[in-house]
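Working notes, structure below.
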Amino acid sequence: MPLDPRTWRRRRTALAALLALVGVACSSSNSEVKPDGAAGATGAGGGGGTTGTGGSAPCDPRTSFAEASHLVVNVTWPAGLAAMKGDGQIHVWGKEVLTVSGNKLTGTLQACGIVLPATTLNALGGGGMILIEVPTASWDAPSMPHFQIDGTQTGPNVGDTLTYNYAALIGFTMADGATAAWPASYTGITMTNDAEGDMHPGLTSIPRSGTGYTLPPTSIAQSTRADQLYIVVRQVTAATLTRTACDQTSGAATLSHLDNHIIGCHVMGASDCMPDEINFIDQNRAIYEITGATAQTKVVADTATCADVRAALPM
């Protein structure tokens, strides 16, 4: 039966209203914002959440937190009597535990790892590469020292700026540790301590051996080699970082000091090194010249171990 004009207009109006409702429902679904700040399946991303970087949603402010830090330091070093010059990268990890008061940050830093570049011996040194490694278990030793760290932040949100500065002295102490002149010889390091509690002064490191790597010779004669080195390290760092997510930062770092000495060693198959053997290894160590550095941080659990820190920000 044909419809009269008034009935047709009413049905056309109802159909238009139904289509409009469908359109609104589809539009709402496409732009739905999830509770963590992420967008719906087909919508654009929103800000906020623990790792969100888009939009303008603020990050939750923290009154205290722990974070992993990872420094990447580009270095060069000159040739020595038995070693060739070279260049490479040093990776340094730490765990920072910070308290926030307004925009002021204070807390402590625990060293959590270091990876050094390999150096190469010249013909006089017998050739081969030397790679000094610190056992990863050492960093979680109860005796490992903690250092004061201070900083500021412009706020807790993505795009805000943070600054940090600290001086870390591992295996020793010295007066005015952040600014004092570095002694030319290991004998100038007079106040040593046992960083990881293994009954050796300083921090014990193990030179890699085999497959192109060799143990450090204790003299030009190369009649004995060291299978353990007892080292001290001074690292004085300032960083200016930008929040790239609610729980992460990255930016440039400046190291005003990155110094080291070999203060003792152990001869493979024998006993601890004699002073002339220590001096030979120390005088042929890599003396680093810094050409640039970057830093990253990421919030971790308060109970995070050094292994957790290194896993949070790997090489």
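In the structure tokens, the first chain shown is A, the next is B, and so on; residue numbers restart at 1 for each chain, and ligands run from 1 in the order shown.
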
Inset, instruction - Find the residues around Ala180 in chain A up to 12 Å (only C-alpha atoms counted), leave out those fewer than 5 positions away in its own chain, and share them as a ChimeraX atom specification. - result: /A:167,169,173-175,188-189,234,236,256-257,259

Inset, instruction - Can you pull out every residue within 8 Å of His146 in chain A, counting only C-alpha atoms, but drop anything in the same chain fewer than 3 positions away, and send it as a count of residues only? - result: 4

Legend entry - Long-range neighbours of range 268-273 of chain A as a PyMOL selection string, 8 Å cut-off, only C-alpha atoms, 4 positions minimum in chain: chain A and resi 224-228+264+277-278

Write out the residues from the selection above, keeping all heavy atoms, as a tab-separated table (two decimals), in the first residue's frame.
chain	number	residue	atom	x	y	z
A	224	THR	N	105.41	-13.09	34.82
A	224	THR	CA	104.22	-13.34	35.63
A	224	THR	C	103.10	-12.42	35.18
A	224	THR	O	103.34	-11.35	34.61
A	224	THR	CB	104.51	-13.10	37.14
A	224	THR	OG1	104.92	-11.74	37.32
A	224	THR	CG2	105.59	-14.04	37.64
A	225	ARG	N	101.89	-12.84	35.46
A	225	ARG	CA	100.71	-12.05	35.08
A	225	ARG	C	99.73	-12.02	36.24
A	225	ARG	O	99.69	-12.93	37.07
A	225	ARG	CB	100.05	-12.62	33.82
A	225	ARG	CG	100.94	-12.49	32.58
A	225	ARG	CD	100.31	-13.04	31.32
A	225	ARG	NE	101.19	-12.85	30.17
A	225	ARG	CZ	101.16	-11.81	29.36
A	225	ARG	NH1	100.25	-10.84	29.56
A	225	ARG	NH2	102.00	-11.70	28.34
A	226	ALA	N	98.91	-10.98	36.27
A	226	ALA	CA	97.96	-10.78	37.36
A	226	ALA	C	96.59	-11.31	36.97
A	226	ALA	O	96.08	-11.00	35.88
A	226	ALA	CB	97.87	-9.31	37.72
A	227	ASP	N	95.99	-12.08	37.86
A	227	ASP	CA	94.64	-12.60	37.60
A	227	ASP	C	93.57	-11.89	38.43
A	227	ASP	O	92.39	-12.18	38.31
A	227	ASP	CB	94.57	-14.11	37.81
A	227	ASP	CG	94.98	-14.54	39.22
A	227	ASP	OD1	95.25	-13.66	40.08
A	227	ASP	OD2	95.05	-15.76	39.46
A	228	GLN	N	93.99	-10.95	39.28
A	228	GLN	CA	93.07	-10.08	40.00
A	228	GLN	C	93.71	-8.70	40.11
A	228	GLN	O	94.92	-8.60	40.34
A	228	GLN	CB	92.75	-10.61	41.40
A	228	GLN	CG	91.97	-11.90	41.45
A	228	GLN	CD	91.62	-12.30	42.87
A	228	GLN	OE1	91.43	-11.46	43.74
A	228	GLN	NE2	91.57	-13.60	43.11
A	264	GLY	N	96.56	-2.58	43.89
A	264	GLY	CA	97.05	-3.89	44.27
A	264	GLY	C	96.67	-4.91	43.23
A	264	GLY	O	95.86	-4.65	42.34
A	277	GLU	N	105.45	-4.50	40.88
A	277	GLU	CA	104.49	-5.12	39.97
A	277	GLU	C	103.20	-4.30	39.92
A	277	GLU	O	102.62	-4.09	38.84
A	277	GLU	CB	104.22	-6.56	40.40
A	277	GLU	CG	105.44	-7.46	40.31
A	277	GLU	CD	105.21	-8.83	40.91
A	277	GLU	OE1	104.59	-8.90	42.00
A	277	GLU	OE2	105.65	-9.84	40.31
A	278	ILE	N	102.75	-3.86	41.09
A	278	ILE	CA	101.56	-2.99	41.13
A	278	ILE	C	101.82	-1.73	40.32
A	278	ILE	O	100.98	-1.31	39.52
A	278	ILE	CB	101.22	-2.62	42.58
A	278	ILE	CG1	100.92	-3.86	43.41
A	278	ILE	CG2	100.01	-1.67	42.61
A	278	ILE	CD1	100.79	-3.59	44.91

Inset, instruction - Grab the CA of Asp60 in chain A to CA of Val97 in chain A distance for me, in Å with one decimal place. - result: 17.7 Å

Inset, instruction - Could you tell me how far CA of Pro216 in chain A lies from CA of Ala184 in chain A, in Å and to one decimal? - result: 20.0 Å

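Taking CA of Ala286 in chain A and CA of Arg208 in chain A as the two end points, the separation is 15.7 Å.
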
Legend entry - Residue neighbourhood range 117-119 of chain A, 9 Å, only C-alpha atoms, exclusion window fewer than 5 positions, as a PyMOL selection string: chain A and resi 83-91+128-132+213+285-286

Go ahead and save the picked residues with C-alpha atoms, as a JSON list (two decimals), in the first residue's frame.
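Writing done, so here's out-v6.json:
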[["chain", "number", "residue", "atom", "x", "y", "z"],
["A", 83, "ALA", "CA", 99.76, -0.35, 25.92],
["A", 84, "MET", "CA", 98.40, 1.24, 22.76],
["A", 85, "LYS", "CA", 96.14, 4.28, 22.62],
["A", 86, "GLY", "CA", 92.48, 3.70, 21.95],
["A", 87, "ASP", "CA", 88.88, 4.81, 22.28],
["A", 88, "GLY", "CA", 85.60, 3.26, 23.37],
["A", 89, "GLN", "CA", 82.64, 3.52, 25.70],
["A", 90, "ILE", "CA", 82.23, 3.06, 29.43],
["A", 91, "HIS", "CA", 78.84, 2.01, 30.80],
["A", 128, "GLY", "CA", 96.71, -9.14, 23.06],
["A", 129, "MET", "CA", 93.74, -7.34, 24.60],
["A", 130, "ILE", "CA", 93.09, -6.61, 28.25],
["A", 131, "LEU", "CA", 89.51, -6.37, 29.53],
["A", 132, "ILE", "CA", 88.96, -5.58, 33.19],
["A", 213, "TYR", "CA", 92.30, -11.65, 25.81],
["A", 285, "ARG", "CA", 96.33, 1.38, 32.91],
["A", 286, "ALA", "CA", 93.93, 3.34, 30.67]]

Legend entry - strand (DSSP E or B) positions in range 81-299 of chain A, given as a ChimeraX atom specification: /A:83,86-101,104-115,119-121,129-130,132-133,146-153,161-170,172-173,191-192,194,202-207,210,213,217,225-245,248-267,272,289-299

Legend entry - Nearest to Val134 in chain A by atom-to-atom distance, counting only C-alpha atoms, from A:Leu258, A:Ile287, A:Leu98, A:Leu203: A:Leu203

Inset, instruction - Name all residues at most 12 Å from Thr190 in chain A (count only C-alpha atoms; drop same-chain ones fewer than 5 positions away) and give them as an MDAnalysis selection string. - result: chainID A and resid 171:175 183 185 201:202 232 261 263

Mind writing the picked residues with all heavy atoms as a PDB file, in the first residue's frame?
ATOM      1  N   GLY A 171      86.085   2.247  46.721  1.00  0.00           N
ATOM      2  CA  GLY A 171      87.309   1.580  47.166  1.00  0.00           C
ATOM      3  C   GLY A 171      88.265   2.457  47.934  1.00  0.00           C
ATOM      4  O   GLY A 171      89.338   1.992  48.333  1.00  0.00           O
ATOM      5  N   PHE A 172      87.896   3.708  48.184  1.00  0.00           N
ATOM      6  CA  PHE A 172      88.796   4.618  48.894  1.00  0.00           C
ATOM      7  C   PHE A 172      88.006   5.852  49.320  1.00  0.00           C
ATOM      8  O   PHE A 172      86.867   6.067  48.902  1.00  0.00           O
ATOM      9  CB  PHE A 172      89.958   5.048  48.004  1.00  0.00           C
ATOM     10  CG  PHE A 172      89.593   6.096  46.979  1.00  0.00           C
ATOM     11  CD1 PHE A 172      90.080   7.387  47.088  1.00  0.00           C
ATOM     12  CD2 PHE A 172      88.752   5.796  45.908  1.00  0.00           C
ATOM     13  CE1 PHE A 172      89.735   8.361  46.163  1.00  0.00           C
ATOM     14  CE2 PHE A 172      88.405   6.767  44.978  1.00  0.00           C
ATOM     15  CZ  PHE A 172      88.900   8.055  45.107  1.00  0.00           C
ATOM     16  N   THR A 173      88.623   6.669  50.121  1.00  0.00           N
ATOM     17  CA  THR A 173      88.118   7.998  50.434  1.00  0.00           C
ATOM     18  C   THR A 173      89.278   8.981  50.341  1.00  0.00           C
ATOM     19  O   THR A 173      90.454   8.588  50.399  1.00  0.00           O
ATOM     20  CB  THR A 173      87.506   8.068  51.850  1.00  0.00           C
ATOM     21  OG1 THR A 173      88.515   7.730  52.815  1.00  0.00           O
ATOM     22  CG2 THR A 173      86.333   7.104  51.980  1.00  0.00           C
ATOM     23  N   MET A 174      88.937  10.254  50.179  1.00  0.00           N
ATOM     24  CA  MET A 174      89.955  11.304  50.161  1.00  0.00           C
ATOM     25  C   MET A 174      89.289  12.624  50.525  1.00  0.00           C
ATOM     26  O   MET A 174      88.076  12.788  50.328  1.00  0.00           O
ATOM     27  CB  MET A 174      90.638  11.404  48.787  1.00  0.00           C
ATOM     28  CG  MET A 174      89.739  11.861  47.665  1.00  0.00           C
ATOM     29  SD  MET A 174      90.494  11.755  45.999  1.00  0.00           S
ATOM     30  CE  MET A 174      92.037  12.620  46.188  1.00  0.00           C
ATOM     31  N   ALA A 175      90.077  13.529  51.065  1.00  0.00           N
ATOM     32  CA  ALA A 175      89.550  14.842  51.397  1.00  0.00           C
ATOM     33  C   ALA A 175      89.176  15.576  50.115  1.00  0.00           C
ATOM     34  O   ALA A 175      89.885  15.477  49.103  1.00  0.00           O
ATOM     35  CB  ALA A 175      90.589  15.635  52.181  1.00  0.00           C
ATOM     36  N   PRO A 183      96.062  11.901  42.287  1.00  0.00           N
ATOM     37  CA  PRO A 183      97.486  11.578  42.415  1.00  0.00           C
ATOM     38  C   PRO A 183      98.012  10.848  41.183  1.00  0.00           C
ATOM     39  O   PRO A 183      97.307  10.054  40.562  1.00  0.00           O
ATOM     40  CB  PRO A 183      97.538  10.701  43.667  1.00  0.00           C
ATOM     41  CG  PRO A 183      96.159  10.164  43.840  1.00  0.00           C
ATOM     42  CD  PRO A 183      95.235  11.208  43.308  1.00  0.00           C
ATOM     43  N   SER A 185     100.377   8.607  41.121  1.00  0.00           N
ATOM     44  CA  SER A 185     100.727   7.222  41.431  1.00  0.00           C
ATOM     45  C   SER A 185      99.698   6.609  42.367  1.00  0.00           C
ATOM     46  O   SER A 185      99.039   7.309  43.152  1.00  0.00           O
ATOM     47  CB  SER A 185     102.105   7.161  42.089  1.00  0.00           C
ATOM     48  OG  SER A 185     102.358   5.873  42.630  1.00  0.00           O
ATOM     49  N   PRO A 201      91.821  -4.716  49.436  1.00  0.00           N
ATOM     50  CA  PRO A 201      91.561  -3.272  49.372  1.00  0.00           C
ATOM     51  C   PRO A 201      90.960  -2.880  48.024  1.00  0.00           C
ATOM     52  O   PRO A 201      91.198  -3.525  47.000  1.00  0.00           O
ATOM     53  CB  PRO A 201      92.952  -2.658  49.551  1.00  0.00           C
ATOM     54  CG  PRO A 201      93.887  -3.703  49.010  1.00  0.00           C
ATOM     55  CD  PRO A 201      93.269  -5.011  49.392  1.00  0.00           C
ATOM     56  N   GLY A 202      90.164  -1.818  48.036  1.00  0.00           N
ATOM     57  CA  GLY A 202      89.558  -1.344  46.792  1.00  0.00           C
ATOM     58  C   GLY A 202      88.438  -2.244  46.329  1.00  0.00           C
ATOM     59  O   GLY A 202      87.759  -2.908  47.112  1.00  0.00           O
ATOM     60  N   VAL A 232      90.570   1.384  42.407  1.00  0.00           N
ATOM     61  CA  VAL A 232      89.748   2.449  42.996  1.00  0.00           C
ATOM     62  C   VAL A 232      89.269   3.333  41.849  1.00  0.00           C
ATOM     63  O   VAL A 232      89.957   3.493  40.830  1.00  0.00           O
ATOM     64  CB  VAL A 232      90.519   3.281  44.038  1.00  0.00           C
ATOM     65  CG1 VAL A 232      90.910   2.422  45.230  1.00  0.00           C
ATOM     66  CG2 VAL A 232      91.759   3.945  43.430  1.00  0.00           C
ATOM     67  N   HIS A 261      92.892   4.082  39.696  1.00  0.00           N
ATOM     68  CA  HIS A 261      94.238   3.565  39.977  1.00  0.00           C
ATOM     69  C   HIS A 261      94.132   2.078  40.264  1.00  0.00           C
ATOM     70  O   HIS A 261      93.098   1.579  40.730  1.00  0.00           O
ATOM     71  CB  HIS A 261      94.880   4.267  41.177  1.00  0.00           C
ATOM     72  CG  HIS A 261      95.675   5.487  40.828  1.00  0.00           C
ATOM     73  ND1 HIS A 261      96.743   5.475  39.951  1.00  0.00           N
ATOM     74  CD2 HIS A 261      95.559   6.771  41.259  1.00  0.00           C
ATOM     75  CE1 HIS A 261      97.249   6.690  39.851  1.00  0.00           C
ATOM     76  NE2 HIS A 261      96.549   7.496  40.620  1.00  0.00           N
ATOM     77  N   ILE A 263      95.583  -0.307  42.823  1.00  0.00           N
ATOM     78  CA  ILE A 263      96.282  -0.164  44.105  1.00  0.00           C
ATOM     79  C   ILE A 263      96.824  -1.501  44.618  1.00  0.00           C
ATOM     80  O   ILE A 263      97.488  -1.543  45.660  1.00  0.00           O
ATOM     81  CB  ILE A 263      95.368   0.454  45.172  1.00  0.00           C
ATOM     82  CG1 ILE A 263      94.137  -0.431  45.413  1.00  0.00           C
ATOM     83  CG2 ILE A 263      94.952   1.870  44.755  1.00  0.00           C
ATOM     84  CD1 ILE A 263      93.326  -0.034  46.641  1.00  0.00           C
TER      85      ILE A 263
END

Legend entry - Residue neighbourhood Asp140 in chain A, 8 Å, only C-alpha atoms, exclusion window fewer than 5 positions, as a PyMOL selection string: chain A and resi 112+305-306

Inset, instruction - Using only C-alpha atoms, pick whichever of A:Asn193, A:Thr204, A:Thr237, A:Thr214 has the shortest atom-to-atom distance to Thr294 in chain A. - result: A:Thr237

Legend entry - Spatial neighbours of Asp276 in chain A, max dist 12 Å, only C-alpha atoms, sep filter under 5 positions, as a list in words: Ser185, Tyr186, Thr187, Pro217, Thr218, Ser219, Ile220, Ile263, Gly264, Cys265, Ile281, Asp282 and Gln283 of chain A

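In this comparison, which uses only C-alpha atoms, the residue of A:Ala181, A:Asp160, A:Ser209, A:Ala68 approaching Glu133 in chain A most closely is A:Ser209.
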